[in-house]
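So this one's entry_38.txt, compact mmCIF, C-alpha atoms and all ligand atoms:
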```txt
# COMPACT_ATOMS: atom_id res chain seq x y z
CA MET M 1 70.87 -54.21 51.10
CA SER M 2 71.02 -57.21 53.44
CA LEU M 3 72.05 -60.79 52.66
CA LYS M 4 69.21 -63.30 52.80
CA GLY M 5 68.62 -66.90 51.79
CA SER M 6 70.71 -69.95 51.40
CA ILE M 7 73.59 -71.08 49.19
CA LYS M 8 75.99 -73.97 48.81
CA VAL M 9 79.56 -72.67 48.62
CA ALA M 10 82.37 -73.92 46.38
CA GLY M 11 83.95 -77.27 47.19
CA ASP M 12 86.93 -77.36 49.52
CA LYS M 13 90.16 -76.44 47.74
CA SER M 14 92.52 -78.44 49.97
CA ILE M 15 90.37 -81.56 49.77
CA THR M 16 89.85 -81.28 46.00
CA HIS M 17 93.63 -81.04 45.41
CA ARG M 18 94.18 -84.14 47.51
CA ALA M 19 91.29 -86.01 45.89
CA ILE M 20 92.79 -85.32 42.44
CA ILE M 21 96.27 -86.34 43.57
CA PHE M 22 95.25 -89.61 45.23
CA SER M 23 92.80 -90.52 42.43
CA SER M 24 95.52 -89.92 39.86
CA LEU M 25 98.05 -92.04 41.72
CA SER M 26 95.71 -95.01 42.07
CA LYS M 27 94.84 -97.28 39.17
CA GLY M 28 91.24 -97.21 37.98
CA THR M 29 88.35 -94.78 38.12
CA THR M 30 87.45 -92.40 40.94
CA ARG M 31 84.38 -90.18 40.99
CA ILE M 32 85.03 -86.96 42.91
CA HIS M 33 81.71 -85.46 43.92
CA GLU M 34 81.24 -81.69 44.18
CA PRO M 35 84.90 -80.81 43.59
CA LEU M 36 86.21 -77.26 43.37
CA LEU M 37 87.01 -76.50 39.75
CA GLY M 38 88.90 -73.28 40.47
CA ALA M 39 92.15 -72.49 38.69
CA ASP M 40 94.36 -73.93 41.47
CA CYS M 41 92.78 -77.39 41.40
CA ILE M 42 92.78 -77.34 37.58
CA SER M 43 96.57 -76.83 37.77
CA THR M 44 96.88 -80.06 39.77
CA LEU M 45 94.59 -81.90 37.35
CA GLU M 46 96.45 -80.67 34.25
CA ILE M 47 99.75 -81.95 35.60
CA PHE M 48 98.37 -85.46 36.06
CA LYS M 49 96.79 -85.30 32.59
CA GLN M 50 100.31 -84.80 31.23
CA PHE M 51 101.21 -88.14 32.84
CA GLY M 52 98.34 -89.92 31.03
CA VAL M 53 95.52 -89.55 33.57
CA LYS M 54 92.11 -88.96 31.96
CA SER M 55 89.35 -86.82 33.38
CA GLU M 56 85.78 -85.94 32.50
CA LEU M 57 83.14 -83.81 34.11
CA SER M 58 79.63 -85.07 34.60
CA LYS M 59 77.26 -82.75 36.44
CA ASP M 60 78.87 -82.12 39.83
CA CYS M 61 81.27 -85.01 39.50
CA LEU M 62 84.87 -85.10 38.27
CA ILE M 63 85.63 -88.59 36.98
CA ILE M 64 89.31 -89.47 37.02
CA THR M 65 90.66 -92.56 35.30
CA SER M 66 94.28 -93.35 35.91
CA PRO M 67 96.58 -96.02 34.48
CA GLY M 68 98.20 -96.00 37.93
CA LEU M 69 101.41 -94.35 38.96
CA GLU M 70 103.56 -97.18 37.61
CA SER M 71 102.20 -96.61 34.08
CA PHE M 72 102.59 -92.83 33.95
CA CYS M 73 104.19 -91.41 30.80
CA TYR M 74 106.69 -88.60 30.99
CA ASP M 75 106.67 -87.15 27.46
CA GLN M 76 106.33 -83.59 28.73
CA SER M 77 108.83 -82.45 31.29
CA ILE M 78 107.52 -78.95 32.17
CA LEU M 79 104.74 -78.99 34.76
CA ASP M 80 102.94 -75.74 35.53
CA ALA M 81 101.56 -75.28 39.06
CA GLY M 82 100.16 -71.84 38.15
CA ASN M 83 99.34 -69.85 41.31
CA SER M 84 98.98 -72.93 43.49
CA GLY M 85 101.30 -73.52 46.44
CA THR M 86 99.41 -76.70 47.32
CA THR M 87 100.03 -78.12 43.83
CA ALA M 88 103.74 -77.27 43.86
CA ARG M 89 104.51 -78.42 47.36
CA LEU M 90 102.44 -81.60 47.54
CA LEU M 91 103.56 -82.71 44.09
CA MET M 92 107.23 -82.28 44.96
CA GLY M 93 106.73 -85.14 47.41
CA VAL M 94 105.35 -87.30 44.61
CA LEU M 95 107.62 -86.24 41.74
CA SER M 96 110.76 -86.88 43.79
CA ASN M 97 109.84 -90.58 43.77
CA LEU M 98 109.03 -90.86 40.03
CA PRO M 99 111.53 -92.20 37.46
CA ALA M 100 111.81 -88.99 35.40
CA THR M 101 113.44 -85.58 35.28
CA LEU M 102 110.71 -82.95 35.54
CA THR M 103 110.63 -79.19 35.97
CA LEU M 104 107.96 -77.58 38.08
CA ILE M 105 107.16 -73.95 37.29
CA GLY M 106 104.65 -71.42 38.64
CA ASP M 107 103.29 -67.93 37.99
CA GLU M 108 104.93 -64.74 39.22
CA SER M 109 103.48 -65.01 42.74
CA LEU M 110 104.23 -68.72 43.19
CA SER M 111 107.75 -68.21 41.85
CA LYS M 112 108.46 -65.96 44.83
CA ARG M 113 107.18 -68.32 47.51
CA PRO M 114 109.57 -70.40 49.66
CA MET M 115 110.08 -73.97 48.50
CA LYS M 116 113.13 -74.87 50.59
CA ARG M 117 110.80 -75.84 53.44
CA VAL M 118 109.76 -78.81 51.27
CA THR M 119 112.97 -79.58 49.42
CA LEU M 120 115.01 -79.70 52.63
CA PRO M 121 113.22 -82.73 54.14
CA LEU M 122 112.87 -84.32 50.70
CA SER M 123 116.62 -83.96 50.14
CA GLN M 124 117.20 -85.73 53.45
CA MET M 125 115.12 -88.57 51.97
CA GLY M 126 117.52 -88.61 49.02
CA ALA M 127 115.64 -86.38 46.58
CA ASN M 128 117.48 -84.65 43.80
CA ILE M 129 115.89 -81.21 43.47
CA THR M 130 117.41 -77.96 42.25
CA LEU M 131 115.66 -74.71 43.05
CA GLU M 132 116.20 -71.29 41.51
CA ASN M 133 118.66 -69.49 43.82
CA ASP M 134 118.33 -72.50 46.12
CA ALA M 135 114.96 -71.08 47.25
CA THR M 136 112.13 -70.86 44.72
CA LEU M 137 110.55 -72.31 41.57
CA PRO M 138 111.41 -73.40 38.95
CA ALA M 139 112.38 -76.70 40.56
CA THR M 140 114.07 -79.40 38.56
CA ILE M 141 113.50 -82.80 40.05
CA THR M 142 115.27 -85.97 39.02
CA GLY M 143 113.21 -88.63 40.66
CA HIS M 144 114.08 -92.02 42.09
CA GLN M 145 112.77 -93.98 45.04
CA LEU M 146 113.46 -92.10 48.27
CA THR M 147 114.18 -93.45 51.74
CA GLY M 148 112.14 -92.71 54.87
CA ILE M 149 113.31 -90.19 57.46
CA SER M 150 112.26 -88.81 60.79
CA TYR M 151 111.47 -85.09 60.56
CA GLU M 152 110.21 -82.39 62.89
CA LEU M 153 108.38 -79.62 61.02
CA PRO M 154 109.98 -76.23 61.75
CA VAL M 155 106.88 -74.38 60.42
CA ALA M 156 103.25 -75.26 61.01
CA SER M 157 102.42 -76.10 57.40
CA ALA M 158 99.99 -78.73 56.12
CA GLN M 159 101.56 -78.41 52.70
CA VAL M 160 104.99 -79.39 54.01
CA LYS M 161 103.54 -82.16 56.17
CA SER M 162 101.57 -83.51 53.20
CA ALA M 163 104.55 -83.39 50.84
CA ILE M 164 106.55 -85.53 53.28
CA MET M 165 103.59 -87.87 53.85
CA LEU M 166 103.24 -88.41 50.10
CA ALA M 167 106.98 -88.87 49.69
CA GLY M 168 107.02 -91.29 52.65
CA MET M 169 104.12 -93.27 51.21
CA LEU M 170 106.13 -93.97 48.05
CA ALA M 171 109.57 -94.22 49.69
CA GLN M 172 111.38 -97.26 51.01
CA GLY M 173 111.22 -97.65 54.80
CA VAL M 174 109.62 -95.71 57.63
CA THR M 175 108.90 -91.97 57.55
CA THR M 176 108.04 -90.20 60.78
CA ILE M 177 106.76 -86.62 60.89
CA HIS M 178 106.34 -84.62 64.06
CA GLU M 179 104.23 -81.47 63.88
CA PRO M 180 104.57 -79.12 66.85
CA ILE M 181 101.28 -77.33 66.08
CA PRO M 182 98.42 -79.28 64.47
CA THR M 183 97.60 -78.32 60.88
CA ARG M 184 94.78 -79.39 58.56
CA ASP M 185 94.58 -83.19 58.42
CA HIS M 186 92.97 -83.78 55.03
CA THR M 187 95.94 -85.80 53.78
CA GLU M 188 95.58 -88.12 56.78
CA LYS M 189 91.88 -88.57 55.94
CA MET M 190 92.74 -89.21 52.28
CA PHE M 191 95.27 -91.87 53.42
CA GLU M 192 92.36 -93.60 55.12
CA ASP M 193 90.06 -93.27 52.08
CA PHE M 194 92.74 -94.67 49.74
CA GLN M 195 93.80 -97.47 52.13
CA ILE M 196 97.27 -96.20 52.99
CA ALA M 197 98.23 -97.62 56.38
CA TYR M 198 99.69 -95.02 58.76
CA ASN M 199 99.80 -94.19 62.42
CA LYS M 200 99.06 -90.91 64.12
CA VAL M 201 99.76 -90.65 67.82
CA ASN M 202 99.55 -87.22 69.34
CA ARG M 203 101.37 -85.11 66.77
CA MET M 204 103.52 -87.88 65.32
CA ILE M 205 102.64 -89.46 61.96
CA THR M 206 104.35 -92.67 60.83
CA VAL M 207 104.03 -94.26 57.42
CA GLN M 208 105.79 -97.39 56.20
CA GLY M 209 106.51 -97.28 52.46
CA PRO M 210 106.24 -98.08 49.73
CA GLN M 211 102.45 -98.23 49.52
CA MET M 212 100.18 -97.60 46.52
CA PRO M 213 96.85 -95.87 47.06
CA ILE M 214 93.77 -97.91 46.19
CA THR M 215 90.77 -95.96 44.99
CA PRO M 216 87.61 -96.13 47.07
CA GLY M 217 85.70 -95.40 43.82
CA GLU M 218 84.12 -92.24 45.17
CA VAL M 219 85.26 -89.19 47.12
CA PHE M 220 82.94 -86.50 48.49
CA VAL M 221 84.17 -82.91 48.80
CA PRO M 222 82.42 -80.72 51.40
CA GLY M 223 81.95 -76.98 50.98
CA ASP M 224 85.05 -74.91 51.74
CA ILE M 225 84.89 -73.12 55.09
CA SER M 226 87.55 -70.73 53.75
CA SER M 227 85.14 -69.73 50.96
CA ALA M 228 82.08 -69.73 53.22
CA ALA M 229 84.01 -67.31 55.47
CA PHE M 230 83.34 -64.39 53.11
CA PHE M 231 79.57 -64.80 53.31
CA VAL M 232 79.69 -65.54 57.02
CA VAL M 233 81.46 -62.24 57.67
CA ALA M 234 79.27 -60.34 55.20
CA ALA M 235 76.13 -61.57 56.97
CA LEU M 236 77.53 -60.71 60.42
CA MET M 237 78.33 -57.13 59.30
CA VAL M 238 75.46 -56.09 57.04
CA PRO M 239 72.34 -55.05 59.01
CA GLY M 240 69.30 -57.26 58.55
CA SER M 241 71.20 -60.24 57.14
CA ASP M 242 70.12 -63.82 57.79
CA VAL M 243 71.90 -66.49 55.77
CA MET M 244 72.23 -70.26 55.62
CA ILE M 245 75.33 -71.83 54.05
CA GLU M 246 74.85 -75.52 53.38
CA ASN M 247 77.22 -78.46 53.68
CA VAL M 248 80.32 -76.61 54.94
CA GLY M 249 83.34 -78.58 56.15
CA ILE M 250 83.84 -78.04 59.89
CA ASN M 251 86.94 -80.20 60.38
CA GLU M 252 88.46 -79.16 63.73
CA THR M 253 91.76 -78.29 62.02
CA ARG M 254 89.97 -75.76 59.81
CA SER M 255 87.14 -74.36 61.91
CA GLY M 256 89.02 -71.77 63.96
CA ILE M 257 86.89 -69.04 62.39
CA ILE M 258 83.78 -70.43 64.11
CA ASP M 259 85.48 -70.23 67.52
CA VAL M 260 86.68 -66.70 66.82
CA ILE M 261 83.26 -65.51 65.68
CA ARG M 262 81.71 -66.96 68.84
CA ALA M 263 84.36 -65.16 70.92
CA MET M 264 83.40 -61.97 69.08
CA ASN M 265 79.75 -62.46 70.01
CA GLY M 266 78.78 -63.23 66.39
CA LYS M 267 75.51 -65.02 65.76
CA ILE M 268 76.51 -68.28 64.13
CA THR M 269 74.79 -71.63 64.63
CA LEU M 270 75.81 -75.03 63.30
CA VAL M 271 72.76 -76.90 62.04
CA ASN M 272 72.46 -80.57 61.10
CA GLU M 273 76.03 -81.63 61.90
CA ARG M 274 76.89 -84.80 59.99
CA TYR M 275 79.59 -86.50 57.89
CA PHE M 276 80.03 -86.00 54.14
CA GLY M 277 82.48 -88.65 52.97
CA GLY M 278 85.13 -88.75 55.69
CA GLU M 279 84.77 -85.10 56.70
CA PRO M 280 82.44 -83.49 59.27
CA VAL M 281 80.06 -80.88 57.81
CA ALA M 282 77.21 -78.65 58.97
CA ASP M 283 74.91 -75.99 57.60
CA LEU M 284 75.94 -72.60 58.96
CA HIS M 285 73.21 -70.19 60.04
CA ILE M 286 74.49 -66.63 60.38
CA GLN M 287 72.65 -63.49 61.45
CA TYR M 288 73.65 -59.85 61.51
CA THR M 289 75.24 -59.02 64.87
CA LYS M 290 75.38 -55.39 65.91
CA ASP M 291 77.31 -55.85 69.14
CA LEU M 292 80.45 -57.62 67.87
CA VAL M 293 83.42 -57.39 70.27
CA ALA M 294 87.17 -57.46 69.64
CA THR M 295 89.30 -60.51 70.33
CA THR M 296 92.87 -61.82 70.18
CA ILE M 297 93.81 -64.45 67.61
CA GLU M 298 97.13 -66.21 68.27
CA GLY M 299 99.13 -69.38 68.86
CA ASP M 300 97.69 -72.77 67.92
CA MET M 301 94.59 -71.02 66.58
CA ILE M 302 96.50 -69.55 63.63
CA PRO M 303 96.83 -72.70 61.45
CA ARG M 304 93.12 -73.38 62.08
CA LEU M 305 92.17 -70.16 60.28
CA ILE M 306 95.28 -69.05 58.39
CA ASP M 307 93.42 -68.39 55.12
CA GLU M 308 90.58 -66.55 56.87
CA ILE M 309 92.72 -63.83 58.44
CA PRO M 310 92.12 -61.16 55.75
CA ILE M 311 88.33 -61.51 56.07
CA LEU M 312 88.53 -61.73 59.88
CA ALA M 313 90.54 -58.49 59.84
CA LEU M 314 87.64 -56.88 58.01
CA LEU M 315 85.21 -58.27 60.58
CA ALA M 316 87.37 -56.84 63.37
CA THR M 317 86.96 -53.35 61.89
CA ARG M 318 83.30 -53.62 63.00
CA ALA M 319 83.93 -55.05 66.48
CA LYS M 320 84.07 -52.87 69.57
CA GLY M 321 87.61 -52.70 70.99
CA ILE M 322 91.04 -53.65 69.74
CA THR M 323 91.57 -56.93 67.94
CA VAL M 324 95.11 -58.31 67.94
CA ILE M 325 96.27 -60.95 65.46
CA LYS M 326 99.69 -62.38 66.26
CA ASP M 327 101.93 -65.42 65.58
CA ALA M 328 100.82 -65.16 61.95
CA GLU M 329 104.11 -64.40 60.17
CA GLU M 330 103.26 -67.21 57.71
CA LEU M 331 100.85 -64.71 56.11
CA LYS M 332 103.87 -62.98 54.62
CA VAL M 333 104.56 -65.93 52.31
CA LYS M 334 101.07 -66.60 50.98
CA GLU M 335 99.91 -65.61 47.47
CA THR M 336 100.85 -62.07 48.56
CA ASN M 337 102.26 -60.71 51.80
CA ARG M 338 98.80 -60.86 53.34
CA ILE M 339 99.74 -58.78 56.36
CA ASP M 340 100.78 -55.81 54.24
CA VAL M 341 98.16 -56.20 51.54
CA THR M 342 95.27 -56.60 54.01
CA VAL M 343 96.40 -53.66 56.13
CA ASN M 344 97.01 -51.35 53.15
CA GLN M 345 93.70 -52.09 51.43
CA LEU M 346 91.65 -51.75 54.62
CA LYS M 347 93.48 -48.58 55.60
CA ALA M 348 92.71 -47.12 52.16
CA ILE M 349 88.96 -47.47 52.75
CA GLY M 350 89.22 -45.88 56.19
CA ALA M 351 89.82 -48.71 58.66
CA GLU M 352 92.00 -48.18 61.72
CA ILE M 353 94.47 -50.99 61.26
CA LYS M 354 98.23 -51.38 61.49
CA SER M 355 100.65 -54.16 60.72
CA THR M 356 103.04 -55.75 63.20
CA ASP M 357 105.92 -58.16 62.65
CA ASP M 358 103.68 -61.18 63.01
CA GLY M 359 100.16 -59.93 62.41
CA MET M 360 98.02 -56.83 62.77
CA ILE M 361 96.15 -54.64 65.25
CA ILE M 362 92.68 -53.40 64.40
CA THR M 363 90.69 -50.78 66.26
CA GLY M 364 87.04 -51.49 65.61
CA GLN M 365 84.65 -48.72 64.58
CA PRO M 366 81.22 -50.36 64.94
CA GLU M 367 79.38 -47.21 63.91
CA GLY M 368 81.93 -45.82 61.46
CA SER M 369 81.60 -45.95 57.71
CA PHE M 370 84.13 -46.76 55.03
CA ASN M 371 85.00 -44.67 52.02
CA GLN M 372 85.63 -45.23 48.35
CA ALA M 373 89.29 -45.69 47.48
CA SER M 374 91.53 -47.16 44.86
CA VAL M 375 92.12 -50.75 46.00
CA SER M 376 93.63 -53.86 44.48
CA SER M 377 93.58 -57.57 45.18
CA HIS M 378 97.25 -57.66 44.15
CA LYS M 379 96.17 -60.80 42.27
CA ASP M 380 95.39 -62.56 45.55
CA HIS M 381 92.05 -64.39 45.42
CA ARG M 382 91.28 -64.05 49.11
CA ILE M 383 92.02 -60.32 49.11
CA ALA M 384 89.74 -59.89 46.07
CA MET M 385 86.81 -61.52 47.89
CA MET M 386 87.54 -59.69 51.15
CA LEU M 387 87.35 -56.37 49.26
CA CYS M 388 84.05 -57.38 47.61
CA VAL M 389 82.63 -57.94 51.11
CA ALA M 390 84.10 -54.61 52.29
CA SER M 391 82.32 -52.87 49.40
CA LEU M 392 78.98 -53.84 51.00
CA LEU M 393 79.79 -51.33 53.76
CA ILE M 394 80.40 -48.45 51.35
CA ASP M 395 77.58 -46.47 49.74
CA GLU M 396 79.43 -45.71 46.51
CA PRO M 397 80.88 -48.39 44.22
CA LEU M 398 84.33 -49.74 45.13
CA ILE M 399 86.57 -50.40 42.16
CA ILE M 400 88.78 -53.40 42.87
CA GLU M 401 91.76 -53.94 40.62
CA ASP M 402 92.51 -57.55 39.61
CA VAL M 403 89.28 -58.77 41.15
CA GLU M 404 89.19 -61.74 38.74
CA SER M 405 91.86 -63.47 40.85
CA MET M 406 88.91 -64.94 42.79
CA GLU M 407 88.81 -67.58 40.00
CA ILE M 408 91.63 -69.30 41.86
CA SER M 409 89.42 -70.63 44.63
CA TYR M 410 85.86 -69.50 43.91
CA PRO M 411 84.76 -68.93 40.30
CA ASP M 412 81.09 -68.55 41.37
CA PHE M 413 81.74 -66.09 44.19
CA LEU M 414 79.97 -63.09 42.62
CA LYS M 415 77.08 -65.25 41.44
CA HIS M 416 76.54 -66.54 44.98
CA LEU M 417 76.93 -63.06 46.50
CA ASN M 418 74.25 -61.78 44.12
CA VAL M 419 71.92 -64.64 45.09
CA LEU M 420 72.22 -63.63 48.75
CA LEU M 421 71.78 -59.95 47.90
CA GLY M 422 68.62 -60.81 45.94
CA ASN M 423 70.04 -59.39 42.67
C1 LIG M 501 96.89 -75.69 52.47
C2 LIG M 501 97.61 -75.36 53.58
C3 LIG M 501 97.84 -73.97 54.01
C4 LIG M 501 96.85 -73.02 53.38
C5 LIG M 501 96.68 -73.26 51.91
C6 LIG M 501 96.22 -74.69 51.65
C7 LIG M 501 96.76 -77.12 52.12
O1 LIG M 501 99.15 -73.58 53.62
O2 LIG M 501 97.22 -71.69 53.61
O3 LIG M 501 95.73 -72.37 51.35
O4 LIG M 501 95.89 -77.45 51.28
O5 LIG M 501 97.50 -77.94 52.66
P1 LIG M 501 100.43 -73.91 54.53
O6 LIG M 501 100.56 -75.36 54.62
O7 LIG M 501 101.58 -73.29 53.80
O8 LIG M 501 100.18 -73.25 55.83
```

Representation of the structure as structure tokens:
Amino acid sequence: MSLKGSIKVAGDKSITHRAIIFSSLSKGTTRIHEPLLGADCISTLEIFKQFGVKSELSKDCLIITSPGLESFCYDQSILDAGNSGTTARLLMGVLSNLPATLTLIGDESLSKRPMKRVTLPLSQMGANITLENDATLPATITGHQLTGISYELPVASAQVKSAIMLAGMLAQGVTTIHEPIPTRDHTEKMFEDFQIAYNKVNRMITVQGPQMPITPGEVFVPGDISSAAFFVVAALMVPGSDVMIENVGINETRSGIIDVIRAMNGKITLVNERYFGGEPVADLHIQYTKDLVATTIEGDMIPRLIDEIPILALLATRAKGITVIKDAEELKVKETNRIDVTVNQLKAIGAEIKSTDDGMIITGQPEGSFNQASVSSHKDHRIAMMLCVASLLIDEPLIIEDVESMEISYPDFLKHLNVLLGN
């Protein structure tokens, strides 16, 4: 049962969130082409709809019409970010500058995730935010115009960086952000698309506020490399596979998985490299590779593939030697503790894997086979899809609890998997 043929994966989640945010803040109509309409991005959209932003769907295009940030209405004060850390964190940067008192809530998983990393710099800008136990959602925000600050990010987080960039865009004065390790730069690219002047020199971003985004009319969303990752790994591991994934974003800040696969000897080729909107894309050609080798994933590489670590851990179970993943303690504060959940699920099906304080160690068994077991996504979309790919290596069916969590980032995942499997 090999994977064959070609598909176009779901639109990029990070870029869709930002496209919805910037389109909603700018007055007029923006057409977002090929957006991701997974549950997380819908959470962002629903919040702006509460402020009076209108949206309609036409074929592969999300059309957003906004009265502009200055004409938002604030009739409803409870805003639900659902499962989405990107929604909660980026919007805190915006809400802190709006003339209203609003409460941001999230689901059980999001309500456990750390928010202080965002509220701390925002408070230095003058924001008035109260967190539950000074740490988590719900967050009650009484907005007013903030003042720029200079801030060095203590964690490599694009969500924190973006929250401060958005806050700085709307604030009075100059905001400077220094990021010690580069993280995804989609907010910077969106600044360019929506005509927000800023400077980026080395790892220092400066924005002079206040500035209002101006819609370019159209935004193009490439395929999500974090979603493509599941099919890439499936094709590398399942004998006889030969797959093409079209129009995948290969932004340098996101494409760590390609470098790692090459280091592991995996057969991946980038075809027809080009730009789609402001982002670089390519078609990915992947072929089954029987002589995969272990590698070490660490340091500056981690933010370039943070969301792909669960599926890369699965790939490492098939690579000869010992793969070490370190410097990845951020995984502990994702939708689940992804170190523990990945290790426990893969161990259950027979992988040789153990957790460490900041990652995991995997002993590859290129010839070994996995077994049926009781596994769960723990309501984490990326774990759900990783386990679906793992099931391709097991002869009997694998029953995955809470598999529907994949709706968060990839509602069509099973449909696309079946296309490649010829079902
Ligand atoms: C994201 C940044 C990353 C990533 C998340 C999306 C973004 O989180 O894990 O899925 O869109 O900015 P951190 O910024 O917390 O690392």

Nearby residues, ligand LIG 501 (chain M), 7 Å, only C-alpha atoms and all ligand atoms, as a ChimeraX atom specification: /M:13-14,86,156-160,162,184,303,306-307,334

Just checking: using all atoms listed in the file, which residue out of M:Pro99, M:Gly85, M:Pro182, M:Gly28 ends up closest to Ser111 of chain M? M:Gly85

One decimal, in Å: what's the spacing between atom CA of Ala351 of chain M and atom CA of Arg338 of chain M? 16.0 Å

Non-local contacts of Arg89 of chain M (10 Å; all atoms listed in the file; under 2 positions in same chain excluded) as a compact mmCIF listing (two decimals) with C-alpha atoms, in the coordinates of the input:
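As written to disk, result_14.txt reads:
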```txt
# COMPACT_ATOMS: atom_id res chain seq x y z
CA ALA M 81 101.56 -75.28 39.06
CA SER M 84 98.98 -72.93 43.49
CA GLY M 85 101.30 -73.52 46.44
CA THR M 86 99.41 -76.70 47.32
CA THR M 87 100.03 -78.12 43.83
CA LEU M 91 103.56 -82.71 44.09
CA MET M 92 107.23 -82.28 44.96
CA GLY M 93 106.73 -85.14 47.41
CA VAL M 94 105.35 -87.30 44.61
CA LEU M 104 107.96 -77.58 38.08
CA PRO M 114 109.57 -70.40 49.66
CA MET M 115 110.08 -73.97 48.50
CA LYS M 116 113.13 -74.87 50.59
CA ARG M 117 110.80 -75.84 53.44
CA VAL M 118 109.76 -78.81 51.27
CA THR M 119 112.97 -79.58 49.42
CA ALA M 158 99.99 -78.73 56.12
CA GLN M 159 101.56 -78.41 52.70
CA VAL M 160 104.99 -79.39 54.01
CA LYS M 161 103.54 -82.16 56.17
CA SER M 162 101.57 -83.51 53.20
CA ALA M 163 104.55 -83.39 50.84
CA ILE M 164 106.55 -85.53 53.28
```

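Across the structure, atom CA of Val9 of chain M and atom CA of Leu312 of chain M are spaced 18.1 Å apart.
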
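Here atom CA of Leu270 of chain M and atom CA of Lys8 of chain M stand 14.5 Å from one another.
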
Write out as number ranges by chain each polymer residue whose atoms come within 8 Å of segment 275-287 of chain M, counting all atoms listed in the file; drop sequence neighbours fewer than 4 positions from it. M: 189, 193, 219-222, 232, 235-236, 240-251, 266-271

For the residues selected in the previous step, produce a file with C-alpha atoms as a PDB file, keeping the file's coordinate frame.
```
ATOM      1  CA  LYS M 189      91.880 -88.570  55.940  1.00  0.00           C
ATOM      2  CA  ASP M 193      90.060 -93.270  52.080  1.00  0.00           C
ATOM      3  CA  VAL M 219      85.260 -89.190  47.120  1.00  0.00           C
ATOM      4  CA  PHE M 220      82.940 -86.500  48.490  1.00  0.00           C
ATOM      5  CA  VAL M 221      84.170 -82.910  48.800  1.00  0.00           C
ATOM      6  CA  PRO M 222      82.420 -80.720  51.400  1.00  0.00           C
ATOM      7  CA  VAL M 232      79.690 -65.540  57.020  1.00  0.00           C
ATOM      8  CA  ALA M 235      76.130 -61.570  56.970  1.00  0.00           C
ATOM      9  CA  LEU M 236      77.530 -60.710  60.420  1.00  0.00           C
ATOM     10  CA  GLY M 240      69.300 -57.260  58.550  1.00  0.00           C
ATOM     11  CA  SER M 241      71.200 -60.240  57.140  1.00  0.00           C
ATOM     12  CA  ASP M 242      70.120 -63.820  57.790  1.00  0.00           C
ATOM     13  CA  VAL M 243      71.900 -66.490  55.770  1.00  0.00           C
ATOM     14  CA  MET M 244      72.230 -70.260  55.620  1.00  0.00           C
ATOM     15  CA  ILE M 245      75.330 -71.830  54.050  1.00  0.00           C
ATOM     16  CA  GLU M 246      74.850 -75.520  53.380  1.00  0.00           C
ATOM     17  CA  ASN M 247      77.220 -78.460  53.680  1.00  0.00           C
ATOM     18  CA  VAL M 248      80.320 -76.610  54.940  1.00  0.00           C
ATOM     19  CA  GLY M 249      83.340 -78.580  56.150  1.00  0.00           C
ATOM     20  CA  ILE M 250      83.840 -78.040  59.890  1.00  0.00           C
ATOM     21  CA  ASN M 251      86.940 -80.200  60.380  1.00  0.00           C
ATOM     22  CA  GLY M 266      78.780 -63.230  66.390  1.00  0.00           C
ATOM     23  CA  LYS M 267      75.510 -65.020  65.760  1.00  0.00           C
ATOM     24  CA  ILE M 268      76.510 -68.280  64.130  1.00  0.00           C
ATOM     25  CA  THR M 269      74.790 -71.630  64.630  1.00  0.00           C
ATOM     26  CA  LEU M 270      75.810 -75.030  63.300  1.00  0.00           C
ATOM     27  CA  VAL M 271      72.760 -76.900  62.040  1.00  0.00           C
TER      28      VAL M 271
END
```

Taking all atoms listed in the file into account, produce a table as a tab-separated table in which each residue of segment 180-256 of chain M with an atom at most 10 Å from an atom of segment 413-419 of chain M appears once, together with its shortest atom pair and the distance in Å to one decimal, ordered by chain and rising number.
```
residue	atom	partner	partner_atom	distance
M:Ser227	CA	M:Phe413	CA	8.4
M:Ala228	CA	M:Phe413	CA	9.7
M:Phe230	CA	M:Phe413	CA	9.2
M:Phe231	CA	M:Leu417	CA	7.5
M:Ala234	CA	M:Leu417	CA	9.4
```

Completed segment 198-204 of chain M (N, CA and C atoms) as a PDB file, in the frame of the given file:
```pdb
ATOM      1  N   TYR M 198      98.805 -95.975  58.085  1.00  0.00           N
ATOM      2  CA  TYR M 198      99.690 -95.020  58.760  1.00  0.00           C
ATOM      3  C   TYR M 198      99.263 -94.960  60.215  1.00  0.00           C
ATOM      4  N   ASN M 199     100.092 -94.333  60.996  1.00  0.00           N
ATOM      5  CA  ASN M 199      99.800 -94.190  62.420  1.00  0.00           C
ATOM      6  C   ASN M 199      99.867 -92.737  62.794  1.00  0.00           C
ATOM      7  N   LYS M 200      98.930 -92.275  63.618  1.00  0.00           N
ATOM      8  CA  LYS M 200      99.060 -90.910  64.120  1.00  0.00           C
ATOM      9  C   LYS M 200      98.833 -90.956  65.618  1.00  0.00           C
ATOM     10  N   VAL M 201      99.876 -90.662  66.372  1.00  0.00           N
ATOM     11  CA  VAL M 201      99.760 -90.650  67.820  1.00  0.00           C
ATOM     12  C   VAL M 201     100.200 -89.278  68.279  1.00  0.00           C
ATOM     13  N   ASN M 202      99.326 -88.611  68.995  1.00  0.00           N
ATOM     14  CA  ASN M 202      99.550 -87.220  69.340  1.00  0.00           C
ATOM     15  C   ASN M 202      99.883 -86.441  68.070  1.00  0.00           C
ATOM     16  N   ARG M 203     101.066 -85.879  67.981  1.00  0.00           N
ATOM     17  CA  ARG M 203     101.370 -85.110  66.770  1.00  0.00           C
ATOM     18  C   ARG M 203     102.422 -85.782  65.911  1.00  0.00           C
ATOM     19  N   MET M 204     102.491 -87.111  66.022  1.00  0.00           N
ATOM     20  CA  MET M 204     103.520 -87.880  65.320  1.00  0.00           C
ATOM     21  C   MET M 204     102.841 -88.798  64.295  1.00  0.00           C
TER      22      MET M 204
END
```
